[in-house]
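S.K.: What follows is the file coords_24.pdb, containing PDB, C-alpha atoms:
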```pdb
ATOM      1  CA  MET A   1      -0.421  -5.338   7.137
ATOM      2  CA  LYS A   2      -2.757  -8.188   6.308
ATOM      3  CA  PHE A   3      -3.958 -10.764   8.784
ATOM      4  CA  VAL A   4      -5.567 -13.870   7.396
ATOM      5  CA  SER A   5      -6.472 -17.302   8.637
ATOM      6  CA  PRO A   6      -3.846 -20.101   8.523
ATOM      7  CA  LYS A   7      -6.054 -21.868   5.989
ATOM      8  CA  LEU A   8      -5.545 -18.958   3.579
ATOM      9  CA  LEU A   9      -1.815 -18.475   4.129
ATOM     10  CA  SER A  10      -0.494 -21.073   1.719
ATOM     11  CA  THR A  11      -2.743 -19.876  -1.102
ATOM     12  CA  VAL A  12      -1.678 -16.275  -0.646
ATOM     13  CA  LEU A  13       2.010 -17.228  -0.599
ATOM     14  CA  VAL A  14       1.612 -19.163  -3.833
ATOM     15  CA  ALA A  15      -0.177 -16.209  -5.441
ATOM     16  CA  ALA A  16       2.570 -13.856  -4.273
ATOM     17  CA  SER A  17       5.196 -16.091  -5.829
ATOM     18  CA  LEU A  18       3.307 -16.144  -9.107
ATOM     19  CA  ALA A  19       3.010 -12.373  -9.068
ATOM     20  CA  GLY A  20       6.753 -12.052  -8.554
ATOM     21  CA  ALA A  21       7.348 -14.283 -11.540
ATOM     22  CA  LEU A  22       5.526 -11.858 -13.810
ATOM     23  CA  SER A  23       8.710  -9.808 -14.114
ATOM     24  CA  ALA A  24      12.262 -10.940 -13.486
ATOM     25  CA  CYS A  25      13.098  -7.555 -11.998
ATOM     26  CA  ALA A  26       9.880  -7.003 -10.073
ATOM     27  CA  PRO A  27       9.146  -9.244  -7.072
ATOM     28  CA  ILE A  28       6.163  -8.488  -4.837
ATOM     29  CA  VAL A  29       8.480  -6.478  -2.586
ATOM     30  CA  VAL A  30      10.178  -4.142  -5.031
ATOM     31  CA  GLY A  31      13.685  -3.006  -4.175
ATOM     32  CA  GLY A  32      17.025  -2.072  -5.663
ATOM     33  CA  ALA A  33      17.778   0.443  -8.370
ATOM     34  CA  VAL A  34      15.440   1.262 -11.223
ATOM     35  CA  MET A  35      17.956   3.111 -13.367
ATOM     36  CA  GLY A  36      20.972   5.308 -12.736
ATOM     37  CA  SER A  37      19.851   7.944 -10.262
ATOM     38  CA  LEU A  38      16.346   6.436  -9.950
ATOM     39  CA  VAL A  39      17.228   4.456  -6.843
ATOM     40  CA  ALA A  40      14.168   2.936  -5.210
ATOM     41  CA  THR A  41      14.187   4.638  -1.830
ATOM     42  CA  ASP A  42      11.589   4.852   0.887
ATOM     43  CA  ARG A  43      10.509   8.466   1.292
ATOM     44  CA  ARG A  44       9.436   8.051   4.888
ATOM     45  CA  THR A  45      11.839   8.782   7.703
ATOM     46  CA  SER A  46      13.176   5.750   9.547
ATOM     47  CA  GLY A  47      11.012   6.791  12.493
ATOM     48  CA  ALA A  48       7.893   6.900  10.342
ATOM     49  CA  GLN A  49       8.675   3.466   8.911
ATOM     50  CA  LEU A  50       8.931   1.989  12.402
ATOM     51  CA  GLU A  51       5.747   3.737  13.463
ATOM     52  CA  ASP A  52       3.912   2.365  10.415
ATOM     53  CA  GLU A  53       4.985  -1.164  11.306
ATOM     54  CA  GLY A  54       3.836  -0.629  14.880
ATOM     55  CA  ILE A  55       0.524   0.819  13.736
ATOM     56  CA  GLU A  56      -0.183  -2.168  11.518
ATOM     57  CA  LEU A  57       0.713  -4.707  14.214
ATOM     58  CA  ARG A  58      -1.234  -3.016  17.008
ATOM     59  CA  ALA A  59      -4.260  -2.283  14.824
ATOM     60  CA  ALA A  60      -4.424  -5.840  13.488
ATOM     61  CA  SER A  61      -4.169  -7.280  16.993
ATOM     62  CA  ARG A  62      -6.896  -5.035  18.401
ATOM     63  CA  ILE A  63      -9.220  -5.683  15.456
ATOM     64  CA  ARG A  64      -8.713  -9.414  15.857
ATOM     65  CA  ASP A  65      -9.462  -9.169  19.586
ATOM     66  CA  ASN A  66     -12.740  -7.351  18.881
ATOM     67  CA  LEU A  67     -13.951  -9.087  15.723
ATOM     68  CA  GLY A  68     -12.510 -12.541  16.133
ATOM     69  CA  GLN A  69     -13.166 -14.455  12.927
ATOM     70  CA  ARG A  70     -15.867 -12.011  11.819
ATOM     71  CA  GLY A  71     -14.824 -10.383   8.610
ATOM     72  CA  HIS A  72     -11.582 -10.039   6.710
ATOM     73  CA  VAL A  73      -9.723  -6.804   7.455
ATOM     74  CA  ASN A  74      -6.447  -5.566   5.956
ATOM     75  CA  VAL A  75      -4.511  -2.739   7.608
ATOM     76  CA  ASN A  76      -1.917  -0.807   5.597
ATOM     77  CA  SER A  77      -0.137   2.225   7.039
ATOM     78  CA  TYR A  78       2.061   4.631   5.077
ATOM     79  CA  ASN A  79       3.517   7.674   6.833
ATOM     80  CA  ARG A  80       0.915   7.275   9.595
ATOM     81  CA  ARG A  81      -1.994   7.272   7.104
ATOM     82  CA  VAL A  82      -3.968   4.074   7.498
ATOM     83  CA  LEU A  83      -5.946   2.344   4.766
ATOM     84  CA  LEU A  84      -8.563  -0.220   5.808
ATOM     85  CA  THR A  85      -9.750  -2.689   3.179
ATOM     86  CA  GLY A  86     -11.581  -5.981   3.193
ATOM     87  CA  GLU A  87     -15.032  -7.065   4.303
ATOM     88  CA  VAL A  88     -17.041  -6.938   7.519
ATOM     89  CA  PRO A  89     -20.546  -8.312   8.148
ATOM     90  CA  SER A  90     -22.231  -5.077   9.259
ATOM     91  CA  ALA A  91     -22.056  -1.282   9.171
ATOM     92  CA  GLN A  92     -21.556  -1.365  12.936
ATOM     93  CA  ASP A  93     -18.466  -3.523  12.518
ATOM     94  CA  LYS A  94     -17.132  -1.158   9.874
ATOM     95  CA  GLN A  95     -17.490   1.771  12.267
ATOM     96  CA  LEU A  96     -16.017  -0.240  15.139
ATOM     97  CA  VAL A  97     -12.890  -1.085  13.156
ATOM     98  CA  GLU A  98     -12.368   2.558  12.248
ATOM     99  CA  GLN A  99     -12.745   3.614  15.872
ATOM    100  CA  ILE A 100     -10.258   0.971  16.979
ATOM    101  CA  VAL A 101      -7.647   2.075  14.461
ATOM    102  CA  THR A 102      -8.176   5.778  15.131
ATOM    103  CA  ARG A 103      -7.213   5.172  18.762
ATOM    104  CA  VAL A 104      -3.909   3.478  17.862
ATOM    105  CA  ASP A 105      -0.874   5.599  18.767
ATOM    106  CA  ASN A 106       0.635   7.726  15.957
ATOM    107  CA  VAL A 107      -2.269   7.305  13.527
ATOM    108  CA  GLN A 108      -2.917  10.619  11.754
ATOM    109  CA  LEU A 109      -5.586   9.633   9.226
ATOM    110  CA  VAL A 110      -7.842   6.642   8.606
ATOM    111  CA  VAL A 111      -9.262   5.895   5.164
ATOM    112  CA  ASN A 112     -12.013   3.340   5.711
ATOM    113  CA  GLU A 113     -12.656   1.362   2.531
ATOM    114  CA  LEU A 114     -14.157  -1.662   4.265
ATOM    115  CA  ALA A 115     -17.132  -3.178   2.449
ATOM    116  CA  VAL A 116     -20.173  -4.581   4.211
ATOM    117  CA  LEU A 117     -20.108  -7.918   2.446
ATOM    118  CA  GLY A 118     -19.372 -11.563   2.956
ATOM    119  CA  ASN A 119     -15.694 -12.492   2.900
ATOM    120  CA  THR A 120     -14.104 -12.801  -0.518
ATOM    121  CA  SER A 121     -13.092 -16.222  -1.802
ATOM    122  CA  LEU A 122      -9.549 -17.557  -1.925
ATOM    123  CA  THR A 123      -9.736 -17.290  -5.704
ATOM    124  CA  GLN A 124     -10.585 -13.573  -5.561
ATOM    125  CA  ARG A 125      -7.818 -12.830  -3.061
ATOM    126  CA  SER A 126      -5.296 -14.705  -5.173
ATOM    127  CA  ALA A 127      -6.411 -12.752  -8.244
ATOM    128  CA  ASP A 128      -6.002  -9.477  -6.330
ATOM    129  CA  THR A 129      -2.470 -10.464  -5.327
ATOM    130  CA  LEU A 130      -1.600 -11.145  -8.944
ATOM    131  CA  VAL A 131      -2.991  -7.762 -10.012
ATOM    132  CA  THR A 132      -0.830  -6.028  -7.399
ATOM    133  CA  GLY A 133       2.213  -7.864  -8.749
ATOM    134  CA  ARG A 134       1.436  -6.783 -12.304
ATOM    135  CA  ILE A 135       1.128  -3.140 -11.255
ATOM    136  CA  LYS A 136       4.446  -3.199  -9.390
ATOM    137  CA  ALA A 137       6.127  -4.850 -12.354
ATOM    138  CA  ALA A 138       4.720  -2.189 -14.671
ATOM    139  CA  MET A 139       5.995   0.553 -12.350
ATOM    140  CA  VAL A 140       9.502  -0.862 -12.531
ATOM    141  CA  ASP A 141       9.316  -1.342 -16.284
ATOM    142  CA  SER A 142       8.153   2.250 -16.764
ATOM    143  CA  ARG A 143      11.643   3.374 -15.658
ATOM    144  CA  ASP A 144      10.426   6.882 -14.867
ATOM    145  CA  LEU A 145       9.038   6.153 -11.396
ATOM    146  CA  PHE A 146      10.603   5.410  -8.033
ATOM    147  CA  ALA A 147       8.741   2.116  -7.699
ATOM    148  CA  ASN A 148       9.535   1.733  -4.011
ATOM    149  CA  ALA A 149       7.893   5.080  -3.253
ATOM    150  CA  TYR A 150       4.487   3.413  -3.684
ATOM    151  CA  LYS A 151       2.463   0.947  -1.670
ATOM    152  CA  VAL A 152      -0.058  -0.936  -3.806
ATOM    153  CA  VAL A 153      -3.083  -2.747  -2.375
ATOM    154  CA  THR A 154      -5.745  -4.529  -4.430
ATOM    155  CA  GLU A 155      -9.089  -5.629  -3.026
ATOM    156  CA  ARG A 156     -11.922  -7.118  -5.110
ATOM    157  CA  GLY A 157     -10.479  -5.609  -8.284
ATOM    158  CA  THR A 158     -10.052  -2.124  -6.782
ATOM    159  CA  THR A 159      -6.460  -0.946  -6.528
ATOM    160  CA  TYR A 160      -5.397   1.513  -3.834
ATOM    161  CA  LEU A 161      -2.220   3.547  -4.323
ATOM    162  CA  MET A 162      -0.370   4.980  -1.323
ATOM    163  CA  GLY A 163       2.845   6.975  -1.012
ATOM    164  CA  ARG A 164       4.503  10.399  -0.730
ATOM    165  CA  VAL A 165       4.578  11.530  -4.356
ATOM    166  CA  THR A 166       4.303  14.596  -6.542
ATOM    167  CA  GLN A 167       1.190  15.271  -8.594
ATOM    168  CA  ARG A 168       3.097  14.204 -11.692
ATOM    169  CA  GLU A 169       4.073  10.901 -10.069
ATOM    170  CA  ALA A 170       0.553  10.354  -8.769
ATOM    171  CA  ASP A 171      -0.937  10.802 -12.234
ATOM    172  CA  ARG A 172       1.667   8.550 -13.857
ATOM    173  CA  ALA A 173       1.154   5.744 -11.342
ATOM    174  CA  THR A 174      -2.617   6.057 -11.715
ATOM    175  CA  ASP A 175      -2.341   5.677 -15.485
ATOM    176  CA  ILE A 176      -0.203   2.567 -15.054
ATOM    177  CA  ALA A 177      -2.631   1.003 -12.590
ATOM    178  CA  ARG A 178      -5.677   1.775 -14.723
ATOM    179  CA  SER A 179      -4.098   0.111 -17.755
ATOM    180  CA  THR A 180      -3.230  -3.066 -15.849
ATOM    181  CA  PRO A 181      -5.393  -6.123 -16.629
ATOM    182  CA  GLY A 182      -7.681  -7.007 -13.752
ATOM    183  CA  VAL A 183      -7.971  -3.486 -12.347
ATOM    184  CA  GLN A 184     -11.581  -2.324 -12.206
ATOM    185  CA  LYS A 185     -11.060   0.888 -10.254
ATOM    186  CA  VAL A 186      -8.171   2.955  -8.838
ATOM    187  CA  VAL A 187      -8.394   4.828  -5.523
ATOM    188  CA  ARG A 188      -5.603   7.262  -4.663
ATOM    189  CA  VAL A 189      -4.558   7.582  -1.030
ATOM    190  CA  PHE A 190      -1.488   9.690  -1.750
ATOM    191  CA  GLU A 191       0.273  12.313   0.303
ATOM    192  CA  ILE A 192       1.102  14.904  -2.374
ATOM    193  CA  ILE A 193       4.448  16.694  -2.130
ATOM    194  CA  THR A 194       5.978  19.413  -4.302
ATOM    195  CA  GLU A 195       8.719  18.894  -6.870
ATOM    196  CA  ASP A 196      11.056  20.856  -4.580
ATOM    197  CA  GLU A 197      10.253  18.505  -1.711
ATOM    198  CA  LEU A 198      10.959  15.562  -3.980
ATOM    199  CA  ARG A 199      14.366  16.949  -4.957
ATOM    200  CA  SER A 200      15.248  17.323  -1.292
ATOM    201  CA  LEU A 201      14.464  13.630  -0.763
ATOM    202  CA  LEU A 202      16.611  12.357  -3.630
ATOM    203  CA  PRO A 203      20.043  10.880  -2.841
ATOM    204  CA  LYS A 204      22.790  13.470  -3.212
ATOM    205  CA  PRO A 205      25.576  12.625  -5.699
ATOM    206  CA  ALA A 206      28.903  11.638  -4.174
ATOM    207  CA  ALA A 207      31.593  14.341  -4.114
ATOM    208  CA  ASN A 208      33.765  12.598  -6.691
ATOM    209  CA  GLU A 209      30.782  12.204  -9.013
ATOM    210  CA  ALA A 210      29.910  15.880  -8.714
ATOM    211  CA  LYS A 211      33.406  16.868  -9.856
ATOM    212  CA  LYS A 212      33.127  14.923 -13.118
TER     213      LYS A 212
END
```
Please render this file's structure as structure tokens.
M.R.:
Amino acid sequence: MKFVSPKLLSTVLVAASLAGALSACAPIVVGGAVMGSLVATDRRTSGAQLEDEGIELRAASRIRDNLGQRGHVNVNSYNRRVLLTGEVPSAQDKQLVEQIVTRVDNVQLVVNELAVLGNTSLTQRSADTLVTGRIKAAMVDSRDLFANAYKVVTERGTTYLMGRVTQREADRATDIARSTPGVQKVVRVFEIITEDELRSLLPKPAANEAKK
């Protein structure tokens, strides 16, 4: 979850709309079917999805209470693994944010990618949003990935990939991200599962389909 100032909100929304326009079938929030059996499904349990939303909301609120307007912090949680990106003014603030998030209920892992820098410009954040849109569009167009199994975050040209995926899927998504214009670096924050685990997560064919 990202929290930004009201001044930034309109710019980010415009950038998100532009990113969605990059592909008719790939809005910023990717959903629906990719092809045949490749239905874009969320691989987290419904409980984990709710916990991730709660983690993001509580973490963002507590960070805001402690930092105020100091810094620009983004909180993204996937299956209770939390990615922190953005900028803070000091190493002490970076450590403080991590400690705050670690204490949030249900958090299992914190990956702290905060940079000790001045806040990025609106132009840079808009460019990052567009890069994320391009990557998601490319995932859909690849037609061999479950696009909705991934969470994509881009910060200052670095793209972070999250999700519960197999090694094969992780490598494929990494290749797509690396070949996307505007991506300077790819950081993988995946939870790797086996091919057998993946098969157990796939939708089962309906009985009448199985008889054909």
S.K.: Could you list, as a ChimeraX atom specification, every residue within 9 Å of Arg58 (chain A), counting all atoms listed in the file and ignoring same-chain residues fewer than 4 positions away?
M.R.: /A:53-54,62-63,101,104-105
S.K.: Hey, can you check how far CA of Asn119 (chain A) sits from CA of Ser77 (chain A)?
M.R.: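 CA of Ser77 (chain A) lies at a distance of 21.8 Å from CA of Asn119 (chain A).
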S.K.: Give me the result of the PyMOL selection byres ((chain A and resi 186) around 8) on this file, residue by residue, as a list in words.
M.R.: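 Given this file, the PyMOL selection byres ((chain A and resi 186) around 8) evaluates to Thr158, Thr159, Tyr160, Leu161, Thr174, Ala177, Arg178, Val183, Gln184, Lys185, Val187 and Arg188 of chain A.
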S.K.: In terms of the shortest atom-to-atom distance over only C-alpha atoms, which of A:Asn79, A:Thr123, A:Gln99, A:Ser179 is closest to Arg43 (chain A)?
M.R.: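 The answer is A:Asn79, which sits nearest to Arg43 (chain A).
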S.K.: Could you list the residues chosen by the PyMOL selection byres ((chain A and resi 114) around 12) in this structure as number ranges by chain?
M.R.: A: 71-75, 83-98, 110-113, 115-119, 155-156, 158
S.K.: Report, in Å with one decimal, the straight-line distance from CA of Gln69 (chain A) to CA of Ala127 (chain A).
M.R.: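 Calculated distance between CA of Gln69 (chain A) and CA of Ala127 (chain A) is 22.3 Å.
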S.K.: Rank nothing, just name the residue among A:Val153, A:Leu57, A:Ala173, A:Ile100 nearest to Asp141 (chain A), using all atoms listed in the file.
M.R.: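 Comparing A:Val153, A:Leu57, A:Ala173, A:Ile100 against Asp141 (chain A), the winner is A:Ala173.
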S.K.: Evaluate the PyMOL selection byres ((chain A and resi 168) around 12) on the structure here and hand back the selected residues as a VMD selection string.
M.R.: chain A and resid 144 to 145 164 to 167 169 to 175 190 192 to 195 198
S.K.: Hey, can I get the axis-aligned box for region 156-164 of chain A? All listed atoms, 5 Å padding on each side, centre and edge lengths in Å to one decimal, as lines of an AutoDock Vina configuration file.
M.R.:
```
center_x = -3.7
center_y = 1.6
center_z = -4.5
size_x = 26.4
size_y = 27.5
size_z = 17.6
```
S.K.: Using CA of Glu56 (chain A) and CA of Tyr150 (chain A) as the two end points, give the distance in Å to one decimal.
M.R.: 16.9 Å
S.K.: Any chance you could turn region 144-156 of chain A into a file with N, CA and C atoms, as a PDB file, in the first residue's frame?
M.R.:
```pdb
ATOM      1  N   ASP A 144       1.977 -16.942 -21.034  1.00  0.00           N
ATOM      2  CA  ASP A 144       2.429 -18.168 -20.376  1.00  0.00           C
ATOM      3  C   ASP A 144       2.654 -17.934 -18.886  1.00  0.00           C
ATOM      4  N   LEU A 145       2.104 -16.822 -18.373  1.00  0.00           N
ATOM      5  CA  LEU A 145       2.199 -16.515 -16.953  1.00  0.00           C
ATOM      6  C   LEU A 145       0.813 -16.234 -16.388  1.00  0.00           C
ATOM      7  N   PHE A 146       0.623 -16.532 -15.123  1.00  0.00           N
ATOM      8  CA  PHE A 146      -0.565 -16.107 -14.402  1.00  0.00           C
ATOM      9  C   PHE A 146      -0.271 -14.684 -13.923  1.00  0.00           C
ATOM     10  N   ALA A 147      -0.662 -13.699 -14.697  1.00  0.00           N
ATOM     11  CA  ALA A 147      -0.253 -12.321 -14.413  1.00  0.00           C
ATOM     12  C   ALA A 147      -0.683 -11.859 -13.026  1.00  0.00           C
ATOM     13  N   ASN A 148      -1.834 -12.337 -12.554  1.00  0.00           N
ATOM     14  CA  ASN A 148      -2.326 -11.873 -11.270  1.00  0.00           C
ATOM     15  C   ASN A 148      -1.634 -12.552 -10.095  1.00  0.00           C
ATOM     16  N   ALA A 149      -0.714 -13.461 -10.384  1.00  0.00           N
ATOM     17  CA  ALA A 149       0.056 -14.102  -9.314  1.00  0.00           C
ATOM     18  C   ALA A 149       1.214 -13.217  -8.860  1.00  0.00           C
ATOM     19  N   TYR A 150       1.412 -12.088  -9.535  1.00  0.00           N
ATOM     20  CA  TYR A 150       2.557 -11.221  -9.237  1.00  0.00           C
ATOM     21  C   TYR A 150       2.101  -9.867  -8.720  1.00  0.00           C
ATOM     22  N   LYS A 151       2.871  -9.316  -7.814  1.00  0.00           N
ATOM     23  CA  LYS A 151       2.743  -7.912  -7.434  1.00  0.00           C
ATOM     24  C   LYS A 151       4.009  -7.220  -7.905  1.00  0.00           C
ATOM     25  N   VAL A 152       3.843  -6.127  -8.638  1.00  0.00           N
ATOM     26  CA  VAL A 152       4.973  -5.411  -9.233  1.00  0.00           C
ATOM     27  C   VAL A 152       5.051  -4.012  -8.629  1.00  0.00           C
ATOM     28  N   VAL A 153       6.224  -3.655  -8.140  1.00  0.00           N
ATOM     29  CA  VAL A 153       6.462  -2.339  -7.552  1.00  0.00           C
ATOM     30  C   VAL A 153       7.716  -1.762  -8.198  1.00  0.00           C
ATOM     31  N   THR A 154       7.644  -0.509  -8.635  1.00  0.00           N
ATOM     32  CA  THR A 154       8.824   0.140  -9.214  1.00  0.00           C
ATOM     33  C   THR A 154       9.143   1.406  -8.442  1.00  0.00           C
ATOM     34  N   GLU A 155      10.399   1.557  -8.094  1.00  0.00           N
ATOM     35  CA  GLU A 155      10.857   2.703  -7.302  1.00  0.00           C
ATOM     36  C   GLU A 155      12.207   3.167  -7.829  1.00  0.00           C
ATOM     37  N   ARG A 156      12.247   4.400  -8.349  1.00  0.00           N
ATOM     38  CA  ARG A 156      13.483   4.987  -8.874  1.00  0.00           C
ATOM     39  C   ARG A 156      14.145   4.081  -9.919  1.00  0.00           C
TER      40      ARG A 156
END
```
